[in-house]
$ cat start36.cif   # mmCIF, C-alpha atoms and all ligand atoms
data_work
loop_
_atom_site.group_PDB
_atom_site.id
_atom_site.type_symbol
_atom_site.label_atom_id
_atom_site.label_comp_id
_atom_site.auth_asym_id
_atom_site.auth_seq_id
_atom_site.Cartn_x
_atom_site.Cartn_y
_atom_site.Cartn_z
ATOM 1 C CA MET A 11 -31.244 -82.229 1.980
ATOM 2 C CA ASN A 12 -30.233 -84.139 5.030
ATOM 3 C CA ARG A 13 -28.485 -82.554 7.914
ATOM 4 C CA TRP A 14 -25.034 -83.546 6.724
ATOM 5 C CA THR A 15 -25.359 -82.011 3.222
ATOM 6 C CA THR A 16 -26.794 -78.823 4.720
ATOM 7 C CA PHE A 17 -23.800 -78.614 7.017
ATOM 8 C CA ALA A 18 -21.344 -79.350 4.178
ATOM 9 C CA ALA A 19 -22.985 -76.734 1.927
ATOM 10 C CA ALA A 20 -22.851 -74.134 4.696
ATOM 11 C CA LEU A 21 -19.214 -74.952 5.323
ATOM 12 C CA ALA A 22 -18.345 -74.644 1.610
ATOM 13 C CA LEU A 23 -20.168 -71.331 1.390
ATOM 14 C CA CYS A 24 -18.359 -70.053 4.422
ATOM 15 C CA THR A 25 -14.940 -71.026 3.046
ATOM 16 C CA VAL A 26 -15.685 -69.196 -0.201
ATOM 17 C CA CYS A 27 -16.904 -66.104 1.602
ATOM 18 C CA SER A 28 -13.905 -65.931 3.923
ATOM 19 C CA ALA A 29 -11.478 -66.293 0.990
ATOM 20 C CA ALA A 30 -13.209 -63.563 -0.977
ATOM 21 C CA PHE A 31 -13.545 -61.165 1.939
ATOM 22 C CA ALA A 32 -10.393 -61.971 3.904
ATOM 23 C CA THR A 33 -9.070 -58.729 5.276
ATOM 24 C CA VAL A 34 -5.802 -57.940 6.969
ATOM 25 C CA ASN A 35 -6.549 -56.865 10.529
ATOM 26 C CA ILE A 36 -4.437 -53.846 11.376
ATOM 27 C CA PHE A 37 -3.933 -52.533 14.891
ATOM 28 C CA ALA A 38 -2.791 -48.899 14.726
ATOM 29 C CA CYS A 39 -1.503 -47.457 17.993
ATOM 30 C CA LEU A 40 -2.086 -43.853 16.917
ATOM 31 C CA PRO A 41 -4.427 -41.946 14.571
ATOM 32 C CA GLU A 42 -1.700 -41.035 12.041
ATOM 33 C CA TRP A 43 -0.835 -44.697 11.447
ATOM 34 C CA ALA A 44 -4.506 -45.682 11.223
ATOM 35 C CA ALA A 45 -5.001 -42.991 8.558
ATOM 36 C CA LEU A 46 -1.921 -44.079 6.631
ATOM 37 C CA ALA A 47 -2.869 -47.773 6.779
ATOM 38 C CA THR A 48 -6.341 -46.909 5.495
ATOM 39 C CA GLU A 49 -4.876 -44.945 2.558
ATOM 40 C CA LEU A 50 -2.595 -47.833 1.638
ATOM 41 C CA GLY A 51 -4.700 -50.866 2.468
ATOM 42 C CA GLY A 52 -8.007 -49.718 0.962
ATOM 43 C CA SER A 53 -10.708 -52.353 0.938
ATOM 44 C CA LYS A 54 -8.323 -55.211 1.749
ATOM 45 C CA VAL A 55 -7.700 -54.124 5.326
ATOM 46 C CA SER A 56 -9.689 -53.527 8.475
ATOM 47 C CA VAL A 57 -8.025 -50.857 10.598
ATOM 48 C CA TYR A 58 -8.501 -50.542 14.348
ATOM 49 C CA GLN A 59 -7.343 -47.233 15.820
ATOM 50 C CA ALA A 60 -6.301 -47.724 19.444
ATOM 51 C CA SER A 61 -6.286 -44.079 20.505
ATOM 52 C CA ASN A 62 -7.619 -40.728 19.356
ATOM 53 C CA ALA A 63 -6.154 -37.256 18.885
ATOM 54 C CA LEU A 64 -7.417 -36.037 22.247
ATOM 55 C CA GLN A 65 -5.420 -38.674 24.115
ATOM 56 C CA ASP A 66 -1.802 -38.207 25.166
ATOM 57 C CA PRO A 67 0.084 -40.807 23.080
ATOM 58 C CA HIS A 68 2.544 -41.421 25.942
ATOM 59 C CA ARG A 69 -0.294 -42.366 28.276
ATOM 60 C CA ILE A 70 -2.883 -44.734 26.829
ATOM 61 C CA GLU A 71 -4.475 -47.343 29.056
ATOM 62 C CA ALA A 72 -3.836 -50.950 27.944
ATOM 63 C CA ARG A 73 -7.475 -51.864 28.560
ATOM 64 C CA PRO A 74 -8.993 -55.299 27.748
ATOM 65 C CA SER A 75 -10.652 -54.105 24.522
ATOM 66 C CA LEU A 76 -7.211 -53.128 23.163
ATOM 67 C CA VAL A 77 -5.769 -56.496 24.217
ATOM 68 C CA ALA A 78 -8.552 -58.295 22.323
ATOM 69 C CA ARG A 79 -7.851 -56.251 19.176
ATOM 70 C CA MET A 80 -4.128 -56.875 19.425
ATOM 71 C CA ARG A 81 -4.800 -60.597 19.816
ATOM 72 C CA SER A 82 -6.600 -60.754 16.461
ATOM 73 C CA ALA A 83 -4.251 -58.401 14.584
ATOM 74 C CA ASP A 84 -2.212 -59.460 11.541
ATOM 75 C CA LEU A 85 -0.211 -56.228 11.550
ATOM 76 C CA ALA A 86 0.464 -53.744 14.351
ATOM 77 C CA ILE A 87 1.685 -50.267 13.424
ATOM 78 C CA CYS A 88 3.038 -48.100 16.217
ATOM 79 C CA THR A 89 5.583 -45.296 16.493
ATOM 80 C CA GLY A 90 8.174 -47.045 18.642
ATOM 81 C CA ALA A 91 11.235 -45.111 19.835
ATOM 82 C CA GLU A 92 9.649 -45.563 23.279
ATOM 83 C CA LEU A 93 6.703 -43.236 22.609
ATOM 84 C CA GLU A 94 4.295 -46.013 23.650
ATOM 85 C CA ILE A 95 6.602 -47.540 26.278
ATOM 86 C CA GLY A 96 4.004 -46.977 29.006
ATOM 87 C CA TRP A 97 1.370 -49.159 27.344
ATOM 88 C CA LEU A 98 2.467 -51.062 24.226
ATOM 89 C CA PRO A 99 4.817 -53.658 25.791
ATOM 90 C CA VAL A 100 2.146 -54.765 28.287
ATOM 91 C CA LEU A 101 -0.436 -54.860 25.498
ATOM 92 C CA LEU A 102 1.777 -57.039 23.289
ATOM 93 C CA GLN A 103 2.642 -59.317 26.165
ATOM 94 C CA THR A 104 -0.932 -59.753 27.402
ATOM 95 C CA ALA A 105 -2.260 -60.356 23.887
ATOM 96 C CA GLY A 106 0.402 -63.037 23.276
ATOM 97 C CA ASN A 107 -0.049 -62.827 19.488
ATOM 98 C CA GLN A 108 3.211 -64.083 17.926
ATOM 99 C CA LYS A 109 2.464 -62.479 14.535
ATOM 100 C CA VAL A 110 2.751 -58.934 15.870
ATOM 101 C CA GLN A 111 5.686 -59.251 18.236
ATOM 102 C CA PRO A 112 8.622 -56.901 17.530
ATOM 103 C CA GLY A 113 10.986 -58.495 15.001
ATOM 104 C CA HIS A 114 8.154 -60.216 13.112
ATOM 105 C CA PRO A 115 6.777 -58.951 9.765
ATOM 106 C CA GLY A 116 3.508 -58.136 11.544
ATOM 107 C CA PHE A 117 5.052 -55.408 13.702
ATOM 108 C CA ILE A 118 6.096 -51.994 12.431
ATOM 109 C CA ALA A 119 7.821 -49.442 14.665
ATOM 110 C CA ALA A 120 7.566 -46.440 12.352
ATOM 111 C CA ALA A 121 10.361 -44.444 13.985
ATOM 112 C CA GLU A 122 12.911 -47.076 12.927
ATOM 113 C CA PHE A 123 12.476 -46.024 9.307
ATOM 114 C CA VAL A 124 13.077 -42.274 9.600
ATOM 115 C CA ASP A 125 15.959 -40.032 10.617
ATOM 116 C CA ARG A 126 15.193 -39.176 14.220
ATOM 117 C CA LEU A 127 15.945 -35.796 15.747
ATOM 118 C CA GLU A 128 17.297 -35.140 19.251
ATOM 119 C CA ILE A 129 19.030 -38.453 19.949
ATOM 120 C CA PRO A 130 20.447 -37.661 23.409
ATOM 121 C CA THR A 131 24.148 -37.837 24.109
ATOM 122 C CA ARG A 132 23.487 -38.530 27.794
ATOM 123 C CA LEU A 133 20.638 -40.131 29.699
ATOM 124 C CA ASP A 134 19.687 -38.967 33.138
ATOM 125 C CA ARG A 135 16.304 -39.357 34.868
ATOM 126 C CA ALA A 136 16.854 -35.826 36.172
ATOM 127 C CA ASP A 137 16.267 -34.592 32.608
ATOM 128 C CA GLY A 138 12.637 -35.831 32.680
ATOM 129 C CA ASP A 139 11.020 -38.297 30.258
ATOM 130 C CA VAL A 140 13.790 -38.051 27.697
ATOM 131 C CA HIS A 141 13.343 -40.566 24.882
ATOM 132 C CA PRO A 142 16.721 -42.364 24.470
ATOM 133 C CA ALA A 143 15.994 -43.329 20.844
ATOM 134 C CA GLY A 144 15.492 -39.684 19.896
ATOM 135 C CA ASN A 145 12.338 -37.611 19.601
ATOM 136 C CA PRO A 146 9.503 -40.047 18.722
ATOM 137 C CA HIS A 147 6.918 -37.489 17.517
ATOM 138 C CA ILE A 148 7.875 -38.144 13.890
ATOM 139 C CA GLN A 149 4.543 -37.756 12.070
ATOM 140 C CA LEU A 150 4.651 -33.981 11.576
ATOM 141 C CA ASP A 151 7.306 -34.167 8.866
ATOM 142 C CA PRO A 152 5.448 -35.423 5.768
ATOM 143 C CA HIS A 153 8.668 -36.938 4.395
ATOM 144 C CA ASN A 154 8.504 -39.326 7.364
ATOM 145 C CA ILE A 155 4.921 -40.270 6.463
ATOM 146 C CA ALA A 156 6.129 -41.153 2.943
ATOM 147 C CA LYS A 157 8.945 -43.356 4.294
ATOM 148 C CA VAL A 158 6.706 -45.191 6.756
ATOM 149 C CA GLY A 159 4.104 -45.568 3.995
ATOM 150 C CA LEU A 160 6.577 -47.501 1.846
ATOM 151 C CA VAL A 161 7.248 -49.894 4.729
ATOM 152 C CA ILE A 162 3.537 -50.441 5.370
ATOM 153 C CA SER A 163 2.866 -51.182 1.675
ATOM 154 C CA GLN A 164 5.743 -53.640 1.527
ATOM 155 C CA ARG A 165 4.576 -55.446 4.685
ATOM 156 C CA LEU A 166 0.994 -55.647 3.443
ATOM 157 C CA GLY A 167 2.260 -57.305 0.267
ATOM 158 C CA GLN A 168 4.261 -59.749 2.362
ATOM 159 C CA ILE A 169 1.459 -60.618 4.817
ATOM 160 C CA ASP A 170 -1.251 -60.781 2.145
ATOM 161 C CA ALA A 171 0.757 -61.896 -0.909
ATOM 162 C CA GLY A 172 -2.359 -62.637 -2.982
ATOM 163 C CA ASN A 173 -3.117 -58.909 -3.042
ATOM 164 C CA ALA A 174 0.469 -57.656 -3.437
ATOM 165 C CA ALA A 175 -0.274 -55.992 -6.802
ATOM 166 C CA TYR A 176 -3.237 -54.167 -5.269
ATOM 167 C CA TYR A 177 -1.073 -52.770 -2.445
ATOM 168 C CA GLU A 178 1.635 -51.775 -4.882
ATOM 169 C CA SER A 179 -0.730 -49.826 -7.078
ATOM 170 C CA ARG A 180 -2.290 -48.058 -4.064
ATOM 171 C CA SER A 181 1.205 -47.236 -2.818
ATOM 172 C CA LYS A 182 2.193 -45.660 -6.151
ATOM 173 C CA ASP A 183 -1.006 -43.645 -6.211
ATOM 174 C CA PHE A 184 -0.629 -42.426 -2.627
ATOM 175 C CA GLN A 185 3.090 -41.609 -2.916
ATOM 176 C CA GLY A 186 2.380 -39.620 -6.088
ATOM 177 C CA ARG A 187 -0.376 -37.551 -4.487
ATOM 178 C CA TRP A 188 1.656 -37.164 -1.288
ATOM 179 C CA GLY A 189 4.765 -35.944 -3.126
ATOM 180 C CA GLN A 190 2.693 -33.300 -4.921
ATOM 181 C CA ALA A 191 1.141 -32.227 -1.619
ATOM 182 C CA ILE A 192 4.611 -31.885 -0.036
ATOM 183 C CA SER A 193 5.711 -29.529 -2.831
ATOM 184 C CA ARG A 194 2.554 -27.488 -2.378
ATOM 185 C CA TRP A 195 2.984 -27.327 1.440
ATOM 186 C CA GLU A 196 6.631 -26.328 1.188
ATOM 187 C CA LYS A 197 5.738 -23.462 -1.149
ATOM 188 C CA ASP A 198 2.749 -22.423 0.900
ATOM 189 C CA ALA A 199 4.660 -22.496 4.203
ATOM 190 C CA ALA A 200 7.687 -20.526 2.981
ATOM 191 C CA PRO A 201 6.611 -17.414 4.990
ATOM 192 C CA LEU A 202 6.773 -19.495 8.177
ATOM 193 C CA LYS A 203 10.554 -19.792 7.993
ATOM 194 C CA GLY A 204 12.092 -18.238 11.109
ATOM 195 C CA LEU A 205 8.791 -18.217 13.037
ATOM 196 C CA ARG A 206 9.578 -18.334 16.772
ATOM 197 C CA LEU A 207 7.466 -20.823 18.710
ATOM 198 C CA VAL A 208 6.882 -21.740 22.341
ATOM 199 C CA PRO A 209 5.386 -25.259 22.364
ATOM 200 C CA TYR A 210 4.173 -26.988 25.499
ATOM 201 C CA HIS A 211 6.038 -30.281 24.864
ATOM 202 C CA LYS A 212 8.656 -31.269 22.296
ATOM 203 C CA ASN A 213 6.035 -32.847 20.057
ATOM 204 C CA THR A 214 6.258 -30.461 17.103
ATOM 205 C CA VAL A 215 10.021 -30.528 16.514
ATOM 206 C CA TYR A 216 9.699 -32.417 13.205
ATOM 207 C CA LEU A 217 7.228 -29.826 11.899
ATOM 208 C CA SER A 218 9.525 -26.975 12.990
ATOM 209 C CA HIS A 219 12.584 -28.678 11.549
ATOM 210 C CA TRP A 220 10.818 -29.313 8.237
ATOM 211 C CA LEU A 221 9.543 -25.753 7.836
ATOM 212 C CA GLY A 222 12.549 -23.919 9.300
ATOM 213 C CA MET A 223 10.749 -22.597 12.380
ATOM 214 C CA THR A 224 12.532 -22.134 15.716
ATOM 215 C CA GLU A 225 11.279 -23.547 19.012
ATOM 216 C CA VAL A 226 12.752 -20.961 21.359
ATOM 217 C CA MET A 227 11.575 -22.487 24.650
ATOM 218 C CA TYR A 228 9.069 -24.985 26.034
ATOM 219 C CA ILE A 229 6.361 -24.534 28.631
ATOM 220 C CA GLU A 230 7.342 -27.850 30.212
ATOM 221 C CA PRO A 231 10.608 -27.333 32.104
ATOM 222 C CA LYS A 232 11.532 -30.929 31.212
ATOM 223 C CA PRO A 233 9.688 -33.439 28.970
ATOM 224 C CA GLY A 234 6.688 -34.897 30.798
ATOM 225 C CA ILE A 235 7.016 -32.544 33.781
ATOM 226 C CA PRO A 236 4.423 -29.751 34.145
ATOM 227 C CA PRO A 237 5.679 -26.253 34.963
ATOM 228 C CA SER A 238 5.381 -24.790 38.473
ATOM 229 C CA ALA A 239 3.951 -21.292 39.007
ATOM 230 C CA GLY A 240 7.495 -20.005 39.499
ATOM 231 C CA GLN A 241 8.677 -21.558 36.234
ATOM 232 C CA LEU A 242 5.730 -20.017 34.371
ATOM 233 C CA SER A 243 6.604 -16.554 35.727
ATOM 234 C CA GLU A 244 10.167 -17.107 34.620
ATOM 235 C CA LEU A 245 8.926 -17.921 31.094
ATOM 236 C CA VAL A 246 6.952 -14.665 31.048
ATOM 237 C CA ALA A 247 10.073 -12.701 31.957
ATOM 238 C CA ARG A 248 12.137 -14.443 29.303
ATOM 239 C CA LEU A 249 9.475 -13.868 26.643
ATOM 240 C CA GLN A 250 9.165 -10.199 27.539
ATOM 241 C CA ALA A 251 12.905 -9.836 26.993
ATOM 242 C CA GLU A 252 12.909 -11.955 23.847
ATOM 243 C CA PRO A 253 9.440 -12.234 22.282
ATOM 244 C CA ALA A 254 8.148 -15.180 20.258
ATOM 245 C CA ASP A 255 5.464 -15.328 17.538
ATOM 246 C CA ALA A 256 3.225 -18.071 18.909
ATOM 247 C CA VAL A 257 2.547 -20.291 21.890
ATOM 248 C CA ILE A 258 1.744 -23.783 20.598
ATOM 249 C CA ARG A 259 -0.815 -26.095 22.107
ATOM 250 C CA THR A 260 -1.620 -29.434 20.516
ATOM 251 C CA ALA A 261 -5.030 -31.106 20.637
ATOM 252 C CA TYR A 262 -4.439 -33.475 23.560
ATOM 253 C CA GLN A 263 -2.843 -30.907 25.866
ATOM 254 C CA ASP A 264 -4.527 -28.963 28.642
ATOM 255 C CA PRO A 265 -5.036 -25.402 27.333
ATOM 256 C CA LYS A 266 -4.548 -23.725 30.742
ATOM 257 C CA ALA A 267 -0.781 -23.124 30.814
ATOM 258 C CA ALA A 268 -0.620 -21.979 27.178
ATOM 259 C CA GLY A 269 -3.625 -19.684 27.707
ATOM 260 C CA TRP A 270 -2.156 -18.165 30.853
ATOM 261 C CA LEU A 271 1.199 -17.564 29.192
ATOM 262 C CA SER A 272 -0.469 -16.011 26.164
ATOM 263 C CA GLU A 273 -2.498 -13.666 28.368
ATOM 264 C CA LYS A 274 0.578 -12.490 30.254
ATOM 265 C CA THR A 275 2.791 -12.028 27.189
ATOM 266 C CA ARG A 276 0.179 -11.121 24.529
ATOM 267 C CA ILE A 277 1.683 -13.792 22.287
ATOM 268 C CA PRO A 278 -1.144 -15.621 20.482
ATOM 269 C CA VAL A 279 -1.869 -19.307 21.114
ATOM 270 C CA VAL A 280 -1.992 -21.513 18.037
ATOM 271 C CA ASP A 281 -3.923 -24.746 18.545
ATOM 272 C CA LEU A 282 -2.410 -27.388 16.300
ATOM 273 C CA PRO A 283 -4.140 -30.681 15.505
ATOM 274 C CA TYR A 284 -0.907 -32.710 16.081
ATOM 275 C CA THR A 285 -2.498 -35.757 14.447
ATOM 276 C CA VAL A 286 -5.486 -36.811 12.347
ATOM 277 C CA GLY A 287 -8.676 -35.839 14.185
ATOM 278 C CA GLY A 288 -7.016 -33.150 16.314
ATOM 279 C CA THR A 289 -9.118 -30.448 14.646
ATOM 280 C CA ALA A 290 -12.235 -30.594 12.491
ATOM 281 C CA ALA A 291 -10.180 -29.821 9.373
ATOM 282 C CA ALA A 292 -7.556 -32.504 10.074
ATOM 283 C CA LYS A 293 -9.873 -35.245 8.809
ATOM 284 C CA ASP A 294 -7.091 -37.182 7.117
ATOM 285 C CA LEU A 295 -3.323 -36.903 6.657
ATOM 286 C CA PHE A 296 -3.649 -34.280 3.924
ATOM 287 C CA GLY A 297 -5.960 -32.219 6.142
ATOM 288 C CA LEU A 298 -3.508 -32.543 9.049
ATOM 289 C CA PHE A 299 -0.800 -30.666 7.144
ATOM 290 C CA ASP A 300 -3.172 -28.259 5.356
ATOM 291 C CA ASP A 301 -4.662 -27.215 8.672
ATOM 292 C CA SER A 302 -1.374 -27.047 10.636
ATOM 293 C CA ILE A 303 0.136 -24.714 8.027
ATOM 294 C CA ALA A 304 -3.013 -22.578 7.734
ATOM 295 C CA ARG A 305 -3.192 -22.113 11.512
ATOM 296 C CA LEU A 306 0.468 -21.095 11.741
ATOM 297 C CA LYS A 307 0.126 -18.711 8.809
ATOM 298 C CA ALA A 308 -2.778 -16.984 10.539
ATOM 299 C CA VAL A 309 -0.388 -15.582 13.212
ATOM 300 C CA LYS A 310 1.911 -14.123 10.570
ATOM 301 C CA LYS A 311 -0.800 -11.739 9.324
HETATM 302 ZN ZN ZN A 401 7.100 -36.903 23.946
#

$ encode --input "start36.cif" --output "structure tokens"
Amino acid sequence: MNRWTTFAAALALCTVCSAAFATVNIFACLPEWAALATELGGSKVSVYQASNALQDPHRIEARPSLVARMRSADLAICTGAELEIGWLPVLLQTAGNQKVQPGHPGFIAAAEFVDRLEIPTRLDRADGDVHPAGNPHIQLDPHNIAKVGLVISQRLGQIDAGNAAYYESRSKDFQGRWGQAISRWEKDAAPLKGLRLVPYHKNTVYLSHWLGMTEVMYIEPKPGIPPSAGQLSELVARLQAEPADAVIRTAYQDPKAAGWLSEKTRIPVVDLPYTVGGTAAAKDLFGLFDDSIARLKAVKK
């Protein structure tokens, strides 16, 4: 073979291999969306998870490695509703990838597809980091996961039309298993109704709303603002007058304030995974809900 035929043969081989193994590159801002995209995309997608469960989703650094991943993405899946406002806009702008800009099929802001809680009636910086589009921590209501899942499946079929039937069948399979899991969780968590919680930040409101638990107060005086020593003492006094069942700390939060409050009030701390990877048992989306419910039920005993 001369040089030219070798080159042509290599080129032909390469074209075949890229057609057979073409994958949709997915950039997932947060672990829950990476897990969901993996469930739905199977072997036809390559999922990059931009942050982990031990990182505060409001505060991720838009470092060059994330820019490079965003540049080569076919689909970006983030929460939206301003959760990632501190890092996603700069990432999208620096990457300059038209496919994944908001408004294009390659960009999904999950919060747009669910009923959001706590949409404020007034906006004032004095109220702290209030999210004007409502509470963005939507992943802890499994009904929201199902809704966002349908959008992801539909977009995958649109972006990678040749595999649309594959995505549809995976979607049906996942939604079936997920619906059964929701029924099981709702039955299993029935004793949690009325449980009185003191979370650090308003990042479990969808879980509480779903299961009928009450968030009686928050350790943060205002969203995104840590409590002062005086404010912590005030919380102790309020909890002595009106006790709660559990102080909630999620995986990415500093355990100090919750631990201190628990010590003073003798109210147990429950460490919740918050997202996939937040605890050893929260290995996937099913584990996230199994483990969250099991940990909350442990305080009821
Ligand atoms: Zn928040």

$ residues_near_ligand --input "start36.cif" --ligand "ligand ZN 401 (chain A)" --cutoff "9 Å" --atoms "only C-alpha atoms and all ligand atoms" --output "PyMOL selection string"
chain A and resi 67-68+93+139-141+145-147+211-213+233-234

$ write_last_selection --input "start36.cif" --atoms "C-alpha atoms" --output "mmCIF file, in the coordinates of the input"
data_model
loop_
_atom_site.group_PDB
_atom_site.id
_atom_site.type_symbol
_atom_site.label_atom_id
_atom_site.label_comp_id
_atom_site.auth_asym_id
_atom_site.auth_seq_id
_atom_site.Cartn_x
_atom_site.Cartn_y
_atom_site.Cartn_z
ATOM 1 C CA PRO A 67 0.084 -40.807 23.080
ATOM 2 C CA HIS A 68 2.544 -41.421 25.942
ATOM 3 C CA LEU A 93 6.703 -43.236 22.609
ATOM 4 C CA ASP A 139 11.020 -38.297 30.258
ATOM 5 C CA VAL A 140 13.790 -38.051 27.697
ATOM 6 C CA HIS A 141 13.343 -40.566 24.882
ATOM 7 C CA ASN A 145 12.338 -37.611 19.601
ATOM 8 C CA PRO A 146 9.503 -40.047 18.722
ATOM 9 C CA HIS A 147 6.918 -37.489 17.517
ATOM 10 C CA HIS A 211 6.038 -30.281 24.864
ATOM 11 C CA LYS A 212 8.656 -31.269 22.296
ATOM 12 C CA ASN A 213 6.035 -32.847 20.057
ATOM 13 C CA PRO A 233 9.688 -33.439 28.970
ATOM 14 C CA GLY A 234 6.688 -34.897 30.798
#

$ closest_residue --input "start36.cif" --among "A:Glu42, A:Glu252, A:Asp300, A:Glu71" --to "Gln59 (chain A)" --atoms "only C-alpha atoms"
A:Glu42

$ closest_residue --input "start36.cif" --among "A:Gly106, A:Glu178, A:Thr89, A:Phe37" --to "Gln149 (chain A)" --atoms "only C-alpha atoms"
A:Thr89

$ resolve_selection --input "start36.cif" --expression "the PyMOL selection byres (((chain A and resi 219) around 12) and not hetatm)" --output "JSON, numbers by chain"
{"A": [125, 126, 127, 128, 148, 150, 151, 152, 153, 202, 203, 204, 205, 206, 207, 212, 213, 214, 215, 216, 217, 218, 220, 221, 222, 223, 224, 225]}

$ closest_residue --input "start36.cif" --among "A:Ile155, A:Ala91, A:Ile169, A:Ala239" --to "Val110 (chain A)" --atoms "all atoms listed in the file"
A:Ile169

$ residues_around --input "start36.cif" --residues "Ser75 (chain A)" --least-positions-apart "4" --cutoff "12 Å" --atoms "all atoms listed in the file" --output "list of chain:residue names"
A:Phe37, A:Tyr58, A:Gln59, A:Ala60, A:Ser61, A:Glu71, A:Arg79, A:Met80, A:Arg81, A:Ser82, A:Leu101, A:Thr104, A:Ala105

$ closest_residue --input "start36.cif" --among "A:Ala47, A:Leu295, A:Ala72, A:Ala199" --to "Arg180 (chain A)" --atoms "all atoms listed in the file"
A:Ala47

$ closest_residue --input "start36.cif" --among "A:Pro130, A:Gly288, A:Lys274, A:Ile303" --to "Lys197 (chain A)" --atoms "only C-alpha atoms"
A:Ile303

$ residues_around --input "start36.cif" --residues "Pro237 (chain A)" --least-positions-apart "6" --cutoff "10 Å" --atoms "all atoms listed in the file" --output "compact mmCIF listing (two decimals) with C-alpha atoms, in the coordinates of the input"
# COMPACT_ATOMS: atom_id res chain seq x y z
CA TYR A 210 4.17 -26.99 25.50
CA TYR A 228 9.07 -24.98 26.03
CA ILE A 229 6.36 -24.53 28.63
CA GLU A 230 7.34 -27.85 30.21
CA PRO A 231 10.61 -27.33 32.10
CA SER A 243 6.60 -16.55 35.73
CA LEU A 245 8.93 -17.92 31.09
CA ALA A 267 -0.78 -23.12 30.81

$ resolve_selection --input "start36.cif" --expression "the PyMOL selection byres (((chain A and resi 257) around 7) and not hetatm)" --output "CSV table (one decimal) with C-alpha atoms, in the coordinates of the input"
chain,number,residue,atom,x,y,z
A,207,LEU,CA,7.5,-20.8,18.7
A,208,VAL,CA,6.9,-21.7,22.3
A,209,PRO,CA,5.4,-25.3,22.4
A,256,ALA,CA,3.2,-18.1,18.9
A,258,ILE,CA,1.7,-23.8,20.6
A,259,ARG,CA,-0.8,-26.1,22.1
A,268,ALA,CA,-0.6,-22.0,27.2
A,272,SER,CA,-0.5,-16.0,26.2
A,277,ILE,CA,1.7,-13.8,22.3
A,278,PRO,CA,-1.1,-15.6,20.5
A,279,VAL,CA,-1.9,-19.3,21.1
A,280,VAL,CA,-2.0,-21.5,18.0

$ closest_residue --input "start36.cif" --among "A:Val34, A:Cys39, A:Leu249, A:Leu282" --to "Gly52 (chain A)" --atoms "only C-alpha atoms"
A:Val34

$ residues_around --input "start36.cif" --residues "Asp170 (chain A)" --least-positions-apart "2" --cutoff "12 Å" --atoms "all atoms listed in the file" --output "PyMOL selection string"
chain A and resi 29+32-36+51+54-55+84-85+115-116+162-168+172-178

$ atom_distance --input "start36.cif" --atom1 "CA of Gly138 (chain A)" --atom2 "CA of Ile235 (chain A)"
6.6 Å
